[in-house]
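Scroll down for the structure; my scribbles are underneath it.
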Amino acid sequence: MTFIDIQSLANALYILLTSFLVAWIVRFVFEIILKRAMRKTTTKLDDKIIKTVKNPIFWSVLIYGFYLFVSSILLETGLLKTISNTLLSAIVIVWGQVGFKVSNIIFKEIEIRQGKDTGKFSDAVPFLDNLTKITVLGVIILIILSIWNVNITPVLASAGVLGIAVAFAAKDTISNLFGGISVFFDKPYKIGDYVIIEEKYRGEVTEIGMRSTKIRTRDNILITVPNSVMVTNAVINETGFDPKLRIRIPIGVAYDSDLDKVEYTLIEVMKSHKEVIKDPVPRIRYRRFGDSGIELEALCIIDEPANRGRVMHELIKEIDKAFREEKINIPFPQRDVHIINK
């Protein structure tokens, strides 16, 4: 190891001291200028980012100054190269930490805003946060390997072979992960929606994870459905466009019934229920001439999808009572049997 004389050492110490002062000045100026520029903004997001970035700027300038200091007093090329690579790696790590912290700040801000306004990407925030951090970590590793002149081709080749093996071993898990990504971005449903899956499970979506979706039924049973099932099967979203829910009550009346009277009676019964929305008004739709009578549906809308079963229960009781009072008959299934003697 070869060192320089005292005069050169004094110059090197001067460089180190100057670097410290420059680093402090740069941090101070950076903070002042950006604070003035961001003063007009209403959000505190930029203030948090400035607070996160100002110290790494200081350390980056200081580390570079330390590199100049070392290069002034150390003449051995090999050791100088090692120290140089170490300092560059330190700068990369410092800014990698900045990436992690800024990611946290941004996605926490998004989460807070989406908490006030249930927007399109509220459920995707944790996934995007994790994806950003994984990307930043990958970039840090690649840059550091590049600084130290490490040939990563064999590593990538090994990772490719290992990835294929893992893909075969965990194909269901990977399928669910990709299903989760599809759910996050396609948004076939969101937390709070009432969905029907495979025409046999109905409930409220309570959680959307990376691998599965959790649904709570009206019996207070928790159903965990893999996301691969959610994206490959038909999912009926009863509240996808509107948080309200339409109720359909199928009814049959005798062929000799006064249909205008039937329609008026049903509409009045539905209007009188306190949980039925008055606008749009309840309505009746005659569907077909059935085997035993005329088949129709009573249609109305309620605010709370969770109350569908109870509201239908109450409406059916009231409809039966009104029909008895108005002498409107609901026919039993009947068949005419003709016996022919030959």
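Lettering and numbering for the structure tokens are positional, with chains as A, B, ... in the shown order, residues counted from 1 in each chain, and ligands counted from 1 in the shown order.
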
message: Need to verify the contact set: region 291-300 of chain A, 6 Å, only C-alpha atoms, exclusion of same-chain residues closer than 3 positions in sequence. Can you return it as a ChimeraX atom specification?
response: /A:246-255,282-288,333-334

Writer output for current selection, C-alpha atoms, as a compact mmCIF listing (two decimals), in the first residue's frame:
# COMPACT_ATOMS: atom_id res chain seq x y z
CA ARG A 246 -83.82 -5.84 -7.08
CA ILE A 247 -86.14 -8.41 -5.56
CA ARG A 248 -88.15 -10.72 -7.80
CA ILE A 249 -91.12 -12.59 -6.34
CA PRO A 250 -92.66 -15.16 -8.75
CA ILE A 251 -96.43 -15.54 -8.38
CA GLY A 252 -99.20 -17.39 -10.22
CA VAL A 253 -102.86 -16.28 -10.36
CA ALA A 254 -105.92 -18.08 -11.63
CA TYR A 255 -106.99 -17.59 -15.24
CA PRO A 282 -92.37 -1.28 -7.78
CA ARG A 283 -93.83 -2.95 -10.86
CA ILE A 284 -95.42 -6.13 -12.13
CA ARG A 285 -94.42 -8.15 -15.18
CA TYR A 286 -96.63 -10.91 -16.54
CA ARG A 287 -94.39 -13.65 -17.86
CA ARG A 288 -96.41 -16.44 -19.44
CA PRO A 333 -100.91 -27.26 -9.69
CA GLN A 334 -103.59 -29.20 -11.52

- prompt: If we count only C-alpha atoms, what is near Phe30 (chain A) at a cut-off of 10 Å, once residues fewer than 4 positions away on the same chain are taken out, given as a VMD selection string?
  reply: chain A and resid 24 to 26 34 to 35 50 53 to 54 57 to 58

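Counting from CA of Val229 (chain A), the distance to CA of Asp129 (chain A) is 24.7 Å.
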
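Closest approach to Phe66 (chain A) among A:Ile49, A:Leu145, A:Val136, A:Ala90: A:Ala90, based on only C-alpha atoms.
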
message: Give me, as a PyMOL selection string, all polymer residues having an atom no more than 9 Å from Glu199 (chain A), counting only C-alpha atoms and skipping those fewer than 4 positions away in the same chain.
response: chain A and resi 234-236

DSSP on the backbone, then: every residue of region 163-247 of chain A marked strand (DSSP E or B), written as a PDB file with C-alpha atoms, in the first residue's frame.
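Generated output (selection-v3.pdb):
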ATOM      1  CA  TYR A 194     -73.021  -9.308  -3.082  1.00  0.00           C
ATOM      2  CA  VAL A 195     -72.042 -12.057  -5.481  1.00  0.00           C
ATOM      3  CA  ILE A 196     -73.289 -15.481  -6.536  1.00  0.00           C
ATOM      4  CA  ILE A 197     -70.621 -18.037  -7.463  1.00  0.00           C
ATOM      5  CA  TYR A 201     -72.814 -19.621  -3.139  1.00  0.00           C
ATOM      6  CA  ARG A 202     -74.223 -16.182  -2.362  1.00  0.00           C
ATOM      7  CA  GLY A 203     -72.793 -13.662   0.038  1.00  0.00           C
ATOM      8  CA  GLU A 204     -70.926 -10.426   0.687  1.00  0.00           C
ATOM      9  CA  VAL A 205     -67.313 -10.059  -0.417  1.00  0.00           C
ATOM     10  CA  THR A 206     -65.362  -9.314   2.778  1.00  0.00           C
ATOM     11  CA  GLU A 207     -61.758  -9.686   1.623  1.00  0.00           C
ATOM     12  CA  ILE A 208     -59.872  -9.921  -1.669  1.00  0.00           C
ATOM     13  CA  SER A 212     -58.305 -16.158  -2.593  1.00  0.00           C
ATOM     14  CA  THR A 213     -61.510 -14.197  -2.069  1.00  0.00           C
ATOM     15  CA  LYS A 214     -63.508 -14.472   1.150  1.00  0.00           C
ATOM     16  CA  ILE A 215     -67.301 -14.347   1.091  1.00  0.00           C
ATOM     17  CA  ARG A 216     -69.655 -14.191   4.076  1.00  0.00           C
ATOM     18  CA  LEU A 222     -67.163 -17.728   5.707  1.00  0.00           C
ATOM     19  CA  ILE A 223     -66.398 -19.199   2.274  1.00  0.00           C
ATOM     20  CA  THR A 224     -62.843 -18.943   0.916  1.00  0.00           C
ATOM     21  CA  VAL A 225     -62.801 -19.254  -2.870  1.00  0.00           C
ATOM     22  CA  PRO A 226     -59.502 -19.543  -4.823  1.00  0.00           C
ATOM     23  CA  VAL A 235     -69.571 -14.620 -11.033  1.00  0.00           C
ATOM     24  CA  ILE A 236     -72.938 -12.906 -10.713  1.00  0.00           C
ATOM     25  CA  ASN A 237     -72.439  -9.512  -9.078  1.00  0.00           C
ATOM     26  CA  LEU A 245     -80.775  -4.855  -5.035  1.00  0.00           C
ATOM     27  CA  ARG A 246     -83.817  -5.836  -7.084  1.00  0.00           C
ATOM     28  CA  ILE A 247     -86.137  -8.413  -5.560  1.00  0.00           C
TER      29      ILE A 247
END

field: A:Lys278, A:Glu263, A:Pro243, A:His273 ranked by distance to His313 (chain A), top pick (using only C-alpha atoms)
entry: A:His273

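Between CA of Val70 (chain A) and CA of Asn151 (chain A) there is a distance of 27.4 Å.
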
task: From the DSSP assignment of the backbone, select every residue of region 176-337 of chain A that is helix (DSSP H, G or I), and format the answer as a ChimeraX atom specification.
output: /A:176-186,227-232,259-272,305-325

Leu87 (chain A) surroundings by only C-alpha atoms, 9 Å radius, close-in-sequence under 5 positions cut, as a PDB file with N, CA and C atoms, in the first residue's frame:
ATOM      1  N   ILE A  63     -20.476  10.640   0.563  1.00  0.00           N
ATOM      2  CA  ILE A  63     -19.787   9.402   0.167  1.00  0.00           C
ATOM      3  C   ILE A  63     -18.899   9.653  -1.050  1.00  0.00           C
ATOM      4  N   TYR A  64     -19.411  10.447  -1.992  1.00  0.00           N
ATOM      5  CA  TYR A  64     -18.589  10.778  -3.159  1.00  0.00           C
ATOM      6  C   TYR A  64     -17.349  11.577  -2.735  1.00  0.00           C
ATOM      7  N   PHE A  66     -15.902  11.334   0.146  1.00  0.00           N
ATOM      8  CA  PHE A  66     -15.000  10.386   0.797  1.00  0.00           C
ATOM      9  C   PHE A  66     -14.220   9.576  -0.235  1.00  0.00           C
ATOM     10  N   TYR A  67     -14.883   9.284  -1.362  1.00  0.00           N
ATOM     11  CA  TYR A  67     -14.191   8.583  -2.454  1.00  0.00           C
ATOM     12  C   TYR A  67     -13.045   9.449  -2.994  1.00  0.00           C
ATOM     13  N   THR A  82     -11.545  -1.550  -5.009  1.00  0.00           N
ATOM     14  CA  THR A  82     -12.424  -2.208  -4.032  1.00  0.00           C
ATOM     15  C   THR A  82     -13.190  -1.187  -3.209  1.00  0.00           C
ATOM     16  N   VAL A  92     -25.981   3.005  -3.760  1.00  0.00           N
ATOM     17  CA  VAL A  92     -27.125   2.262  -4.313  1.00  0.00           C
ATOM     18  C   VAL A  92     -28.049   1.798  -3.191  1.00  0.00           C
TER      19      VAL A  92
END

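Minimum atom-to-atom distances from A:Asn341, A:Met270, A:Ile144, A:Ile330 to Glu318 (chain A) were compared using only C-alpha atoms, and the lowest value belongs to A:Met270.
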
task: Determine, counting only C-alpha atoms, which protein, DNA and RNA residues have an atom within 8 Å of an atom of Trp59 (chain A); residues of the same chain fewer than 4 positions away are not included. Present the result as a count of residues only.
output: 4

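Rounded to one decimal, CA of Asn104 (chain A) and CA of Ile141 (chain A) lie 19.9 Å from each other.
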